[in-house]
Every structure is written in C-alpha cells, then in structure tokens.
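Here's my_file_25.cif, which has mmCIF, C-alpha atoms:
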```cif
data_query
loop_
_atom_site.label_atom_id
_atom_site.label_comp_id
_atom_site.auth_asym_id
_atom_site.auth_seq_id
_atom_site.Cartn_x
_atom_site.Cartn_y
_atom_site.Cartn_z
CA MET A 1276 -172.62 59.96 -116.04
CA ARG A 1277 -174.00 62.06 -113.18
CA THR A 1278 -171.40 63.57 -110.83
CA ILE A 1279 -171.68 62.49 -107.20
CA SER A 1280 -171.32 65.14 -104.53
CA SER A 1281 -168.72 64.38 -101.87
CA LYS A 1282 -170.83 65.82 -99.05
CA PRO A 1283 -173.34 62.93 -98.69
CA LEU A 1284 -170.52 60.37 -98.61
CA LEU A 1285 -168.52 62.41 -96.11
CA LEU A 1286 -171.55 62.82 -93.83
CA PHE A 1287 -172.45 59.14 -94.12
CA SER A 1288 -168.86 58.13 -93.33
CA ALA A 1289 -168.66 60.37 -90.26
CA LEU A 1290 -172.05 59.13 -89.00
CA LEU A 1291 -171.04 55.50 -89.47
CA VAL A 1292 -167.81 55.92 -87.49
CA LEU A 1293 -169.62 57.73 -84.66
CA LEU A 1294 -172.36 55.10 -84.48
CA SER A 1295 -169.77 52.31 -84.44
CA ALA A 1296 -167.93 53.95 -81.56
CA HIS A 1297 -171.11 54.75 -79.58
CA PHE A 1298 -173.24 51.63 -79.88
CA PHE A 1299 -170.39 49.12 -79.92
CA ASN A 1300 -168.02 49.93 -77.09
CA ASN A 1301 -165.32 48.00 -78.86
CA HIS A 1302 -162.26 49.19 -80.76
CA LEU A 1303 -162.82 46.54 -83.46
CA TRP A 1304 -166.19 48.02 -84.39
CA LEU A 1305 -164.70 51.50 -84.46
CA LEU A 1306 -161.97 50.20 -86.76
CA ALA A 1307 -164.61 48.59 -88.96
CA GLY A 1308 -166.42 51.92 -89.17
CA LEU A 1309 -163.20 53.63 -90.17
CA LEU A 1310 -162.64 51.01 -92.89
CA VAL A 1311 -166.08 51.67 -94.31
CA ALA A 1312 -165.54 55.42 -94.21
CA LEU A 1313 -162.20 55.07 -96.00
CA SER A 1314 -163.72 52.81 -98.62
CA LEU A 1315 -166.53 55.27 -99.31
CA LEU A 1316 -164.03 58.05 -99.87
CA LEU A 1317 -161.87 55.88 -102.13
CA LEU A 1318 -164.92 54.93 -104.18
CA GLN A 1319 -165.77 58.61 -104.50
CA TRP A 1320 -162.32 59.08 -106.05
CA GLN A 1321 -162.89 56.22 -108.53
CA ALA A 1322 -160.35 54.04 -106.69
CA TYR A 1323 -162.37 50.81 -106.65
CA PRO A 1324 -159.74 48.81 -108.62
CA SER A 1325 -157.01 49.67 -106.10
CA VAL A 1326 -159.20 48.63 -103.16
CA ALA A 1327 -160.17 45.41 -104.95
CA TYR A 1328 -156.53 44.46 -105.49
CA LEU A 1329 -155.84 45.37 -101.85
CA LEU A 1330 -158.58 42.90 -100.93
CA ALA A 1331 -156.90 40.14 -102.96
CA PHE A 1332 -153.59 40.91 -101.23
CA SER A 1333 -155.18 40.89 -97.76
CA ILE A 1334 -156.96 37.52 -98.01
CA PRO A 1335 -153.91 35.31 -97.23
CA ILE A 1336 -152.65 37.55 -94.40
CA SER A 1337 -156.01 37.92 -92.63
CA VAL A 1338 -156.51 36.58 -89.12
CA ALA A 1339 -159.69 35.64 -87.25
CA ILE A 1340 -160.78 38.06 -84.54
CA PRO A 1341 -163.91 37.79 -82.35
CA VAL A 1342 -166.50 40.48 -83.05
CA TRP A 1343 -169.88 39.32 -81.73
CA GLY A 1344 -170.56 36.34 -79.48
CA GLU A 1345 -169.06 33.29 -81.15
CA SER A 1346 -168.77 35.04 -84.52
CA ASN A 1347 -165.33 35.80 -85.93
CA LEU A 1348 -164.20 38.22 -88.60
CA GLN A 1349 -161.30 37.55 -90.94
CA PHE A 1350 -159.44 40.82 -90.55
CA PRO A 1351 -158.71 42.81 -92.63
CA SER A 1352 -160.11 40.98 -95.70
CA GLU A 1353 -163.74 40.62 -94.57
CA GLY A 1354 -163.65 44.17 -93.24
CA ILE A 1355 -162.64 45.34 -96.72
CA VAL A 1356 -165.40 43.20 -98.29
CA ALA A 1357 -167.97 44.84 -96.01
CA SER A 1358 -166.51 48.27 -96.75
CA LEU A 1359 -166.63 47.73 -100.50
CA ALA A 1360 -170.15 46.30 -100.39
CA ILE A 1361 -171.54 49.25 -98.42
CA GLY A 1362 -169.55 51.73 -100.45
CA MET A 1363 -170.72 50.31 -103.78
CA VAL A 1364 -174.37 50.25 -102.73
CA VAL A 1365 -174.25 53.82 -101.38
CA LYS A 1366 -172.48 55.07 -104.49
CA GLY A 1367 -174.91 53.16 -106.69
CA VAL A 1368 -177.87 54.81 -104.97
CA PHE A 1369 -176.42 58.30 -105.22
CA SER A 1370 -175.40 57.87 -108.86
CA GLY A 1371 -178.64 56.15 -109.87
CA LYS A 1372 -176.67 53.24 -111.40
CA ILE A 1373 -177.78 50.56 -108.94
CA TRP A 1374 -181.09 49.81 -110.69
CA GLU A 1375 -179.35 49.69 -114.06
CA PHE A 1376 -176.95 47.05 -112.71
CA ILE A 1377 -179.78 44.97 -111.24
CA ARG A 1378 -181.83 45.27 -114.44
CA ASN A 1379 -178.91 44.16 -116.64
CA TYR A 1380 -177.71 41.41 -114.27
CA PRO A 1381 -180.76 40.35 -112.23
CA LEU A 1382 -179.93 36.74 -111.26
CA PRO A 1383 -177.54 37.47 -108.32
CA ALA A 1384 -179.98 40.05 -106.91
CA ILE A 1385 -182.88 37.58 -107.24
CA TRP A 1386 -180.81 34.92 -105.47
CA VAL A 1387 -180.12 37.30 -102.55
CA LEU A 1388 -183.82 38.20 -102.32
CA LEU A 1389 -184.79 34.51 -102.19
CA GLN A 1390 -182.26 33.94 -99.41
CA ALA A 1391 -183.71 36.92 -97.52
CA PHE A 1392 -187.26 35.58 -97.98
CA ALA A 1393 -186.18 32.24 -96.50
CA VAL A 1394 -185.24 33.99 -93.25
CA ILE A 1395 -188.97 34.24 -92.46
CA PHE A 1396 -189.15 30.45 -92.11
CA SER A 1397 -185.83 30.06 -90.29
CA THR A 1398 -185.76 28.66 -86.76
CA HIS A 1399 -182.47 30.51 -86.15
CA ALA A 1400 -183.28 33.96 -87.47
CA GLN A 1401 -180.11 35.62 -86.18
CA VAL A 1402 -177.86 33.09 -87.91
CA SER A 1403 -179.91 33.33 -91.11
CA VAL A 1404 -179.74 37.13 -91.17
CA LYS A 1405 -175.96 37.00 -90.77
CA PHE A 1406 -175.78 34.48 -93.61
CA VAL A 1407 -177.84 36.68 -95.93
CA LEU A 1408 -175.78 39.78 -95.10
CA VAL A 1409 -172.51 37.94 -95.77
CA GLN A 1410 -173.80 36.43 -99.02
CA SER A 1411 -175.11 39.82 -100.15
CA ALA A 1412 -171.75 41.46 -99.48
CA TYR A 1413 -169.90 38.83 -101.52
CA VAL A 1414 -172.38 39.07 -104.40
CA VAL A 1415 -171.98 42.85 -104.54
CA VAL A 1416 -168.19 42.83 -104.31
CA PHE A 1417 -167.23 39.79 -106.36
CA PHE A 1418 -169.96 39.75 -109.02
CA TYR A 1419 -171.03 43.33 -109.55
CA GLY A 1420 -167.55 44.50 -108.58
CA ALA A 1421 -166.03 42.32 -111.28
CA ILE A 1422 -168.31 43.99 -113.82
CA VAL A 1423 -167.02 47.40 -112.70
CA LEU A 1424 -163.42 46.20 -113.04
CA LEU A 1425 -164.00 44.67 -116.48
CA ALA A 1426 -165.32 48.04 -117.63
CA LYS A 1427 -161.93 49.54 -116.77
CA ASP A 1428 -159.52 46.71 -117.73
CA ASP A 1429 -159.55 43.72 -120.04
CA ALA A 1430 -159.98 40.26 -118.50
CA THR A 1431 -156.31 39.31 -118.91
CA THR A 1432 -155.08 42.39 -117.07
CA LEU A 1433 -157.68 41.89 -114.35
CA VAL A 1434 -156.76 38.24 -113.73
CA THR A 1435 -153.02 39.00 -113.78
CA ARG A 1436 -153.32 41.77 -111.21
CA PHE A 1437 -155.56 39.74 -108.95
CA LEU A 1438 -153.24 36.72 -109.06
CA LEU A 1439 -150.14 38.78 -108.37
CA SER A 1440 -151.86 40.68 -105.56
CA TYR A 1441 -153.03 37.46 -103.93
CA PHE A 1442 -149.69 35.73 -104.38
CA THR A 1443 -147.83 38.69 -102.84
CA GLY A 1444 -149.92 38.24 -99.71
CA ILE A 1445 -149.35 34.49 -99.62
CA ALA A 1446 -145.60 35.03 -100.14
CA LEU A 1447 -145.53 37.10 -96.95
CA VAL A 1448 -147.19 34.20 -95.12
CA LEU A 1449 -144.53 31.84 -96.48
CA GLY A 1450 -141.79 34.16 -95.26
CA PHE A 1451 -143.41 34.27 -91.82
CA ALA A 1452 -143.73 30.48 -91.80
CA LEU A 1453 -140.09 29.99 -92.77
CA TYR A 1454 -139.04 32.27 -89.90
CA ALA A 1455 -141.28 30.33 -87.48
CA TYR A 1456 -139.94 27.02 -88.79
CA ALA A 1457 -136.38 28.20 -88.21
CA GLY A 1458 -137.38 29.19 -84.67
CA TYR A 1459 -138.41 25.58 -84.05
CA GLY A 1460 -135.02 24.38 -85.30
CA PHE A 1461 -136.54 23.10 -88.58
CA ASN A 1462 -138.25 20.30 -86.67
CA PRO A 1463 -140.55 18.55 -89.22
CA VAL A 1464 -143.12 17.86 -86.51
CA THR A 1465 -143.86 21.60 -86.28
CA ARG A 1466 -144.69 22.06 -89.98
CA PRO A 1467 -148.49 21.85 -89.68
CA GLY A 1468 -148.56 24.81 -87.26
CA ILE A 1469 -145.96 27.20 -88.70
CA PHE A 1470 -148.58 29.02 -90.80
CA LYS A 1471 -150.66 30.12 -87.80
CA PRO A 1472 -152.38 32.55 -87.22
CA PHE A 1473 -152.98 33.00 -90.96
CA TYR A 1474 -153.82 29.35 -91.69
CA ASN A 1475 -154.80 26.80 -89.07
CA ASP A 1476 -152.75 24.06 -90.71
CA HIS A 1477 -150.56 23.32 -93.70
CA THR A 1478 -153.26 21.59 -95.73
CA LEU A 1479 -155.24 24.79 -96.34
CA ILE A 1480 -152.33 26.85 -97.61
CA GLY A 1481 -151.05 23.78 -99.46
CA ALA A 1482 -154.32 23.53 -101.39
CA ALA A 1483 -154.17 27.23 -102.29
CA LEU A 1484 -150.55 26.95 -103.43
CA ALA A 1485 -151.26 23.82 -105.49
CA LEU A 1486 -154.04 25.65 -107.34
CA LEU A 1487 -151.80 28.66 -107.90
CA ALA A 1488 -148.93 26.49 -109.13
CA GLY A 1489 -151.24 24.93 -111.71
CA VAL A 1490 -152.68 28.26 -112.85
CA PHE A 1491 -149.22 29.83 -113.12
CA LEU A 1492 -147.96 26.84 -115.07
CA GLY A 1493 -150.85 27.16 -117.50
CA LEU A 1494 -150.23 30.89 -117.93
CA SER A 1495 -146.58 30.18 -118.71
CA ARG A 1496 -147.67 28.88 -122.11
CA THR A 1497 -148.00 32.49 -123.23
CA LYS A 1498 -145.59 34.24 -120.83
CA LYS A 1499 -142.61 32.28 -119.53
CA TRP A 1500 -142.10 34.51 -116.48
CA TRP A 1501 -145.11 32.83 -114.85
CA LEU A 1502 -142.84 29.80 -114.37
CA PHE A 1503 -141.00 31.77 -111.67
CA PHE A 1504 -144.20 32.16 -109.64
CA SER A 1505 -145.15 28.53 -110.23
CA GLY A 1506 -141.75 27.54 -108.83
CA LEU A 1507 -142.25 29.73 -105.77
CA ALA A 1508 -145.64 28.15 -105.15
CA ILE A 1509 -144.10 24.68 -105.36
CA LEU A 1510 -141.38 25.68 -102.88
CA GLY A 1511 -144.13 26.88 -100.54
CA ILE A 1512 -145.83 23.49 -100.84
CA LEU A 1513 -142.58 21.73 -99.97
CA LEU A 1514 -142.20 23.99 -96.94
CA GLY A 1515 -145.60 22.97 -95.63
CA ALA A 1516 -145.19 19.34 -96.74
CA SER A 1517 -148.92 18.73 -97.21
CA ARG A 1518 -149.18 15.31 -98.83
CA ALA A 1519 -152.32 16.22 -100.78
CA ALA A 1520 -150.66 19.37 -102.16
CA ILE A 1521 -147.47 17.48 -103.05
CA LEU A 1522 -149.55 14.86 -104.87
CA GLY A 1523 -151.23 17.69 -106.78
CA VAL A 1524 -147.84 19.07 -107.81
CA ILE A 1525 -146.71 15.64 -109.01
CA THR A 1526 -149.70 15.50 -111.37
CA LEU A 1527 -149.09 19.01 -112.76
CA PRO A 1528 -146.81 17.91 -115.65
CA PHE A 1529 -149.56 15.54 -116.88
CA ALA A 1530 -152.14 18.33 -116.80
CA PHE A 1531 -149.72 20.70 -118.54
#
```
Show how you would write the structure in this file as structure tokens.
Amino acid sequence: MRTISSKPLLLFSALLVLLSAHFFNNHLWLLAGLLVALSLLLLQWQAYPSVAYLLAFSIPISVAIPVWGESNLQFPSEGIVASLAIGMVVKGVFSGKIWEFIRNYPLPAIWVLLQAFAVIFSTHAQVSVKFVLVQSAYVVVFFYGAIVLLAKDDATTLVTRFLLSYFTGIALVLGFALYAYAGYGFNPVTRPGIFKPFYNDHTLIGAALALLAGVFLGLSRTKKWWLFFSGLAILGILLGASRAAILGVITLPFAF
C-alpha cells in the first residue's frame, strides 16, 4: 500500500478552515471546517474506526442548529459525517484506492451519479444539489466506510462496538431526560418534551429504544450480558411512556 504524505492533508485542512472562516462569517462554518481538518488528520493516522464509533455515539446527543437559510444541521453527528466523507475521498484520491473501491463496489457510486444527473431536470436545483451532497456523504461513510471497518474487524466485533457506542449516547439522553423530568416534579404531562433538544418528542426515542431492546434481547442468546442493556432500553421506554414503544416491548417475548 502506498504511503500518503502528511503535507497535502495538512495544507488541505488549513485551507479548508481558512476558507470556512473567510467566506462564511459564521462560527458554525468555522467549526465545521475544523471538524473536517481534524477528521483528515485522524484518517491520516489510520484512526477511521475510532471516528466511526464516535459518530455512532454522537447521533443520539446531536441537536439541530441553523446553518444556511432554513436548512439545519444535526450537530455534531452530521458534521462528523461530512468530515468523514471528505476525508475518505481525499485520502482515497491521494492513495489511489478510490477507483479500486468504485470498481469493486460500483452500485452505490452509480446510484449517486444517477441522482446527480437528475439535478439537471430539477425545478429546485438548490434543494436537489443539497440532497445529492447529503446522499453522497452517507453512501461514502456508511457503505464504503463499513467496508473499511470490516477489513479491520470481524462483523460481530463491528456490530457490538457500534451498538455500545450508540447506546452510550442514548443513555446520556435518558439521564438528561430523567433530570428534566424531576425538574418538572415528575408530572406525566411533561413526558413528551423531556427529551428536547435531542429528540422532539418521546415517540422518536421510544422507537429507537424499542429496536435496541429487541436487538439486545436477540444477542442475549449467545451472551447473557446483553440482557442488561435490553433492560436499560426498556426502562428508557417506560420513562418516555410512548404507547407504540411500550406495545413493541410487550411483543418482544413472542419474537424472542
């Protein structure tokens, strides 16, 4: 494998931060530039797995912040996705591996190209361009990134680390919600809003917890300690009291 020089990545990172600060007189864009620069350096040091698990951890604790007109960014998770996408593409170009990836796994790249081609016929070009950029970032990070991770770890290790990273983030949200609920004197009427600003209402986090509870319960067939995490997820559902999530929990024993 060809060694990548640090100098191009360092120069690209510095340029990106400076452009973010100059053209977008906004601290959020400067912070986004810094995230990209950090990601590029981490990728240079072969730290993609750590950043990927950080992404999983950050998804539940991300909050929406305005960045451009009516567009919002889920920060920090979508900032990390953008950082990883740019970092992986830049590293792929410098290492010469990008064409090998596309040649071996062409379908996601073809799908992105078709989406980009459709922009020509769009009546809302700005919205369509944003959509293509977002879709491209997710394809790079979650499809091609998964291939990179599977080359380093087996699938079981990968799934376990992602689940635990994500659940750690969601556990912090539950702790925050419990504190907020206590501040309202444990008034049941306030339950739908105690998860803000991370989740707009209790149904969204309830759905995520119900899925996690089921996955953890299934994993407990081989390792009993997963039952502990399944129990925590169920307690989180009871805290939010989402009827759909509670119904899902009731059906878990039948699925198990």
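Closest approach to A:Thr1435 among A:Leu1494, A:Val1416, A:Leu1388, A:Ala1482 is made by A:Leu1494 (distances from only C-alpha atoms).
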Identify all residues satisfying the PyMOL selection byres ((chain A and resi 1476) around 12) in the given file; provide them as a PyMOL selection string.
chain A and resi 1452+1465-1475+1477-1482+1515-1517
In file coordinates, which residues lie within 7 Å of (-153.5, 33.2, -104.2) using all atoms listed in the file, given as a ChimeraX atom specification?
/A:1438,1441-1442,1445,1483-1484,1487
Residue selection dump (C-alpha atoms) as a PDB file, keeping the file's coordinate frame:
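What landed in part-v3.pdb:
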```
ATOM      1  CA  LEU A1438    -153.240  36.720-109.060  1.00  0.00           C
ATOM      2  CA  TYR A1441    -153.030  37.460-103.930  1.00  0.00           C
ATOM      3  CA  PHE A1442    -149.690  35.730-104.380  1.00  0.00           C
ATOM      4  CA  ILE A1445    -149.350  34.490 -99.620  1.00  0.00           C
ATOM      5  CA  ALA A1483    -154.170  27.230-102.290  1.00  0.00           C
ATOM      6  CA  LEU A1484    -150.550  26.950-103.430  1.00  0.00           C
ATOM      7  CA  LEU A1487    -151.800  28.660-107.900  1.00  0.00           C
TER       8      LEU A1487
END
```
Go ahead and compute the interatomic distance for atom CA of A:Val1409 and atom CA of A:Ser1337, in Å to one decimal.
16.8 Å
Name the residues that the PyMOL selection byres ((chain A and resi 1440) around 10) picks from the file above, as a PyMOL selection string, using the file's chain letters and numbers.
chain A and resi 1327-1334+1434-1439+1441-1445
Now that the selection is made, can you save its residues with C-alpha atoms as a PDB file, keeping the file's coordinate frame?
```
ATOM      1  CA  ALA A1327    -160.170  45.410-104.950  1.00  0.00           C
ATOM      2  CA  TYR A1328    -156.530  44.460-105.490  1.00  0.00           C
ATOM      3  CA  LEU A1329    -155.840  45.370-101.850  1.00  0.00           C
ATOM      4  CA  LEU A1330    -158.580  42.900-100.930  1.00  0.00           C
ATOM      5  CA  ALA A1331    -156.900  40.140-102.960  1.00  0.00           C
ATOM      6  CA  PHE A1332    -153.590  40.910-101.230  1.00  0.00           C
ATOM      7  CA  SER A1333    -155.180  40.890 -97.760  1.00  0.00           C
ATOM      8  CA  ILE A1334    -156.960  37.520 -98.010  1.00  0.00           C
ATOM      9  CA  VAL A1434    -156.760  38.240-113.730  1.00  0.00           C
ATOM     10  CA  THR A1435    -153.020  39.000-113.780  1.00  0.00           C
ATOM     11  CA  ARG A1436    -153.320  41.770-111.210  1.00  0.00           C
ATOM     12  CA  PHE A1437    -155.560  39.740-108.950  1.00  0.00           C
ATOM     13  CA  LEU A1438    -153.240  36.720-109.060  1.00  0.00           C
ATOM     14  CA  LEU A1439    -150.140  38.780-108.370  1.00  0.00           C
ATOM     15  CA  TYR A1441    -153.030  37.460-103.930  1.00  0.00           C
ATOM     16  CA  PHE A1442    -149.690  35.730-104.380  1.00  0.00           C
ATOM     17  CA  THR A1443    -147.830  38.690-102.840  1.00  0.00           C
ATOM     18  CA  GLY A1444    -149.920  38.240 -99.710  1.00  0.00           C
ATOM     19  CA  ILE A1445    -149.350  34.490 -99.620  1.00  0.00           C
TER      20      ILE A1445
END
```
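Here, the PyMOL selection byres ((chain A and resi 1424) around 12) matches Gln1321, Ala1322, Tyr1323, Pro1324, Ser1325, Val1326, Ala1327, Tyr1328, Val1416, Phe1417, Phe1418, Tyr1419, Gly1420, Ala1421, Ile1422, Val1423, Leu1425, Ala1426, Lys1427, Asp1428, Asp1429, Ala1430, Thr1431, Thr1432, Leu1433, Val1434, Arg1436 and Phe1437 of chain A.
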Return the single residue from A:Val1415, A:Glu1375, A:Pro1335, A:Val1364 that is closest to A:Phe1451, with distances computed using only C-alpha atoms.
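Closest residue, counting only C-alpha atoms: A:Pro1335.
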Atom pair atom CA of A:Ile1395 + atom CA of A:Leu1348, distance 25.4 Å
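Within 9 Å of A:Phe1491, once all atoms listed in the file are used and residues closer than 3 positions along the same chain are dropped, the contacting residues are Leu1438, Leu1486, Leu1487, Ala1488, Leu1494, Ser1495, Trp1501, Leu1502, Phe1503, Phe1504, Ser1505, Gly1506 and Ala1508 of chain A.
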Padding 4 Å on every side, please: axis-aligned box over the listed atoms of stretch 1433-1442 of chain A, centre and edge lengths to one decimal in Å, as lines of an AutoDock Vina configuration file.
```
center_x = -153.7
center_y = 38.8
center_z = -109.1
size_x = 16.0
size_y = 14.2
size_z = 18.4
```
